[in-house]
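Trainee: Attaching a single structure in structure tokens format; questions to follow.
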Amino acid sequence: MFELIVAREIPADIVFENDRIIAFKDIAPKAPVHLLVVPKTAEYSNVAELAEGDPLLLAEIVTTAGDLAAEHSNGEYRLIFNSGATVGQTVFHVHAHVLSGSLDESSLGFQ
Ligand code: AMP
């Protein structure tokens with residue numbers, strides 16, 4: 001589904017792009033800053049698959065998340081990879097949630 005954003009077939013508020021990664025604002029933000037950092041390939045459905053298949057790409061996603069938190073907020077952020085439907089994953093194309101700004105500390109999650 002996120003491949004459609006990569007292909008510009010559905011709109012998104014894109015904040016970063018290079019040859020391997022795209023990042024855009026979450027359509028239903030759960031924090032003052034809520035970005036998704038996504039590998040362009042749809043080959044990996046969750047972070048464990050990505051770590052095994054392309055650890056350098058995972059590292060690049062983590063680095064990009066930090067850079068974007070500095071650019072869009074104060075550089076502090078919560079990084080979430082939902083892995084599995086029972087914990088809230090709805091899009092099975094691996095993506096990092098970057099949450100920043102004032103978060104509700106009553107929960108480690110965001111839903
Ligand atoms: P997850 O529940 O971890 O799979 O996260 C999927 C996220 O994608 C949710 O936070 C959705 O709000 C977000 N989302 C779904 N469709 C879009 C879209 N077209 N543009 C931006 N964010 C989206």
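In the structure tokens, each chain is lettered A, B, ... as it comes, each chain's residues begin at 1, and ligands are numbered from 1 in order of appearance.
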Using only C-alpha atoms and all ligand atoms, which residues of the polymer chains come no farther than 7 Å from ligand 1? I'd like the answer as a VMD selection string.
Mentor: chain A and resid 10 to 12 24 to 29 81 to 82 88 to 92
Trainee: Going by DSSP on the backbone, which bits of range 17-76 of chain A are strand (DSSP E)? Write them as JSON, numbers by chain, please.
Mentor: {"A": [17, 21, 22, 23, 24, 25, 33, 34, 35, 36, 37, 38, 39]}
Trainee: Find the residues around Ser45 in chain A up to 10 Å (only C-alpha atoms counted), leave out those fewer than 4 positions away in its own chain, and share them as an NGL selection string.
Mentor: :A and (41 or 49-50 or 83-84 or 89 or 91-95)
Trainee: Grab the CA of Thr64 in chain A to CA of Ile14 in chain A distance for me, in Å with one decimal place.
Mentor: 13.4 Å
Trainee: Using only C-alpha atoms, determine which residues lie at most 8 Å from Leu79 in chain A, disregarding the query and same-chain residues fewer than 5 positions distant; provide the list as a ChimeraX atom specification.
Mentor: /A:65,96-99
Trainee: What is the CA of Tyr44 in chain A to CA of Gly66 in chain A distance in Å?
Mentor: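 Taking CA of Tyr44 in chain A and CA of Gly66 in chain A, their separation equals 21.4 Å.
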Trainee: Enter the distance from CA of Glu52 in chain A to CA of Val33 in chain A, in Å, rounded to one decimal.
Mentor: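 CA of Val33 in chain A lies 29.0 Å from CA of Glu52 in chain A.
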